[in-house]
Amino acid sequence: MARALGLISGGLDSLLAAELLRRQGARVTGITFTSPFFGASRARRAAESLGLDLLVEDITDPHWALVKDPPRGYGKNMNPCLDCHALMLRKAGRRLGPGGFDFLFTGEVLGQRPFSQNRQSLWLVERDSGLAGRIVRPLSARRLDPTEPEKTGLVDRERLLDISGRGRKRQLALAEAWGITVFAAPAGGCLLTVPSFAVRLRDLLDVRPEAGPDEVELIKTGRYFRLPGGEIIIVGRHQADNERLWSLARPRDVLAEQPGPPGPTALVLGGGGESVRRVAAAMAVHFSRTDDRQPVPVLIRSPEGEQTLLVRGEEAEPYLDRLI
Ligand code: SF4
């Protein structure tokens, strides 16, 4: 029995590809990946509903390196899809071989995504991953050159499909015929494709090229302000944001919060001098219910210890349009 390992995103196409191979007798397992930009929950839900075993692998470090400097460039936002796909395939490819899997498959459909699923991109990703000829794309296979598993008879090419283009009709009809009802929407699931987040991330990398995945976690939270000197202040929007900022803050970050009345936490990413701390403190007041004109004490936690600054919320006003 052929042992197939497929990249499962949780979207319909990868599930159909898995089911197509299963229906011709292959033993199918899925694999999905995690990073600060995407998680495994969509894939887990979909795999579970299909009764598919799912492997989950964290690729934070190599993926972050690609996000910072993608050899094949970005898609529409900060998504380095070609390099990301090649990385995922390379990681999955390590599980091929004796005692492991015979071949890989994906749910890619020729022509469905202009940047990452045209003929040239599919070929480039295959070459970059070092797995040329070993990746079956069951949904479009008959429009592509035969792969090794098809040539050796491990996979019956005649029972694979010839779908291409952006339409979803054939996929939806198959889903209905096969009773596949749990799957994620085609877009979504990767923060790098979200324009508002991409702008923040681009800004972070502009001013802090040394930033690591820990700073990505921080900029996923709250309001993001970039000051003229390049400092970044994040202000919680609600209690959950504030708690997240406190739990994610590193010793070098500066935190500002009013000690008494409820209000937001403000965090200076990577720390900053007295003037920046003052702005953070003023933001912690401005976004609370405290009167902006009254001087109030704000507690500052910094690498040097704790201090109290007396500030007015209105001191934040010159910086409010620096929101990203
Ligand atoms: S959308 Fe995100 S997870 Fe998907 S290939 Fe592109 S970068 Fe990778």
# chains A, B, ... in the order shown; residues from 1 in each chain; ligands from 1

$ residues_near_ligand --ligand "ligand 1" --cutoff "7 Å" --atoms "only C-alpha atoms and all ligand atoms" --output "list in words"
Phe38, Asn79, Pro80, Cys81, Leu82, Cys84, His85, Cys190, Leu192 and Thr193 of chain A

$ select_by_dssp --residues "segment 143-241 of chain A" --states "alpha helix (DSSP H)" --output "VMD selection string"
chain A and resid 148 to 151 169 to 178 195 to 207 213 to 219 239 to 241

$ write_last_selection --atoms "C-alpha atoms" --output "PDB file, in the first residue's frame"
ATOM      1  CA  GLU A 148       7.690   9.469 -10.079  1.00  0.00           C
ATOM      2  CA  PRO A 149       4.881   7.841  -8.062  1.00  0.00           C
ATOM      3  CA  GLU A 150       2.672   8.034 -11.149  1.00  0.00           C
ATOM      4  CA  LYS A 151       5.390   6.652 -13.425  1.00  0.00           C
ATOM      5  CA  LYS A 169     -17.390  24.424  -8.871  1.00  0.00           C
ATOM      6  CA  ARG A 170     -15.720  21.052  -9.363  1.00  0.00           C
ATOM      7  CA  GLN A 171     -14.186  21.076  -5.905  1.00  0.00           C
ATOM      8  CA  LEU A 172     -17.493  21.949  -4.258  1.00  0.00           C
ATOM      9  CA  ALA A 173     -19.301  19.244  -6.228  1.00  0.00           C
ATOM     10  CA  LEU A 174     -16.733  16.676  -5.116  1.00  0.00           C
ATOM     11  CA  ALA A 175     -17.015  17.827  -1.508  1.00  0.00           C
ATOM     12  CA  GLU A 176     -20.742  17.288  -1.667  1.00  0.00           C
ATOM     13  CA  ALA A 177     -20.444  13.910  -3.348  1.00  0.00           C
ATOM     14  CA  TRP A 178     -17.916  12.724  -0.757  1.00  0.00           C
ATOM     15  CA  PRO A 195      -2.897  43.889   4.931  1.00  0.00           C
ATOM     16  CA  SER A 196      -3.206  45.654   8.304  1.00  0.00           C
ATOM     17  CA  PHE A 197      -0.818  43.230   9.962  1.00  0.00           C
ATOM     18  CA  ALA A 198       1.581  43.290   7.013  1.00  0.00           C
ATOM     19  CA  VAL A 199       1.940  47.071   7.395  1.00  0.00           C
ATOM     20  CA  ARG A 200       2.893  46.671  11.043  1.00  0.00           C
ATOM     21  CA  LEU A 201       5.335  43.905  10.312  1.00  0.00           C
ATOM     22  CA  ARG A 202       6.992  45.857   7.516  1.00  0.00           C
ATOM     23  CA  ASP A 203       7.354  48.807   9.865  1.00  0.00           C
ATOM     24  CA  LEU A 204       8.823  46.613  12.609  1.00  0.00           C
ATOM     25  CA  LEU A 205      11.423  45.222  10.223  1.00  0.00           C
ATOM     26  CA  ASP A 206      12.248  48.729   8.972  1.00  0.00           C
ATOM     27  CA  VAL A 207      13.109  50.061  12.410  1.00  0.00           C
ATOM     28  CA  PRO A 213       9.591  36.032  16.583  1.00  0.00           C
ATOM     29  CA  ASP A 214       9.060  37.243  20.175  1.00  0.00           C
ATOM     30  CA  GLU A 215       8.511  40.778  18.836  1.00  0.00           C
ATOM     31  CA  VAL A 216       6.079  39.424  16.253  1.00  0.00           C
ATOM     32  CA  GLU A 217       3.986  38.055  19.104  1.00  0.00           C
ATOM     33  CA  LEU A 218       4.000  41.505  20.722  1.00  0.00           C
ATOM     34  CA  ILE A 219       2.930  43.402  17.600  1.00  0.00           C
ATOM     35  CA  GLN A 239      -7.928  43.569  29.598  1.00  0.00           C
ATOM     36  CA  ALA A 240      -6.927  40.542  27.520  1.00  0.00           C
ATOM     37  CA  ASP A 241      -4.428  42.686  25.544  1.00  0.00           C
TER      38      ASP A 241
END

$ closest_atom_pairs --of "segment 121-140 of chain A" --to "segment 59-78 of chain A" --cutoff "12 Å" --atoms "only C-alpha atoms" --output "tab-separated table"
residue	atom	partner	partner_atom	distance
A:Ser121	CA	A:Arg72	CA	9.9
A:Leu124	CA	A:Arg72	CA	9.5
A:Val125	CA	A:Arg72	CA	9.7
A:Asp128	CA	A:Arg72	CA	10.1

$ atom_distance --atom1 "atom CA of Ser129 of chain A" --atom2 "atom CA of Leu15 of chain A"
22.1 Å

$ closest_residue --among "A:Thr34, A:Ser164, A:Thr29, A:Ser14" --to "Arg95 of chain A" --atoms "only C-alpha atoms"
A:Thr29

$ select_by_dssp --residues "segment 9-71 of chain A" --states "strand (DSSP E)" --output "list in words"
Arg27, Val28, Thr29, Gly30, Ile31, Thr32, Phe33, Thr34, Asp53, Leu54, Leu55, Val56, Glu57 and Asp58 of chain A

$ closest_atom_pairs --of "segment 169-259 of chain A" --to "segment 282-302 of chain A" --cutoff "8 Å" --atoms "only C-alpha atoms" --output "Markdown table"
| residue | atom | partner | partner_atom | distance |
| --- | --- | --- | --- | --- |
| A:Val235 | CA | A:Ala284 | CA | 7.2 |
| A:Pro251 | CA | A:Ser302 | CA | 7.4 |
| A:Arg252 | CA | A:Ser302 | CA | 6.8 |
| A:Asp253 | CA | A:Ser302 | CA | 6.5 |
| A:Val254 | CA | A:Ser302 | CA | 4.6 |
| A:Leu255 | CA | A:Arg301 | CA | 5.1 |
| A:Ala256 | CA | A:Ile300 | CA | 4.6 |
| A:Glu257 | CA | A:Leu299 | CA | 5.4 |
| A:Gln258 | CA | A:Val298 | CA | 4.5 |
| A:Pro259 | CA | A:Leu299 | CA | 6.1 |

$ closest_residue --among "A:Gly270, A:Gly130, A:Gly111, A:Gly51" --to "Gly212 of chain A" --atoms "only C-alpha atoms"
A:Gly270

$ residues_around --residues "Phe101 of chain A" --least-positions-apart "5" --cutoff "7 Å" --atoms "only C-alpha atoms" --output "PyMOL selection string"
chain A and resi 3-5+95-96

$ closest_residue --among "A:Ala18, A:Leu139, A:Ile8, A:Ile232" --to "Met88 of chain A" --atoms "only C-alpha atoms"
A:Ile8

$ closest_residue --among "A:Pro303, A:Gly25, A:Gly313, A:Gly236" --to "Leu154 of chain A" --atoms "only C-alpha atoms"
A:Gly25

$ closest_residue --among "A:Gly153, A:Gly272, A:Pro186, A:Gly30" --to "Ile233 of chain A" --atoms "only C-alpha atoms"
A:Gly272

$ atom_distance --atom1 "atom CA of His238 of chain A" --atom2 "atom CA of Ser275 of chain A"
25.0 Å

$ closest_residue --among "A:Ala281, A:Leu50, A:Leu161, A:Leu89" --to "Ile135 of chain A" --atoms "only C-alpha atoms"
A:Leu89

$ atom_distance --atom1 "atom CA of Gln24 of chain A" --atom2 "atom CA of Ser41 of chain A"
27.7 Å
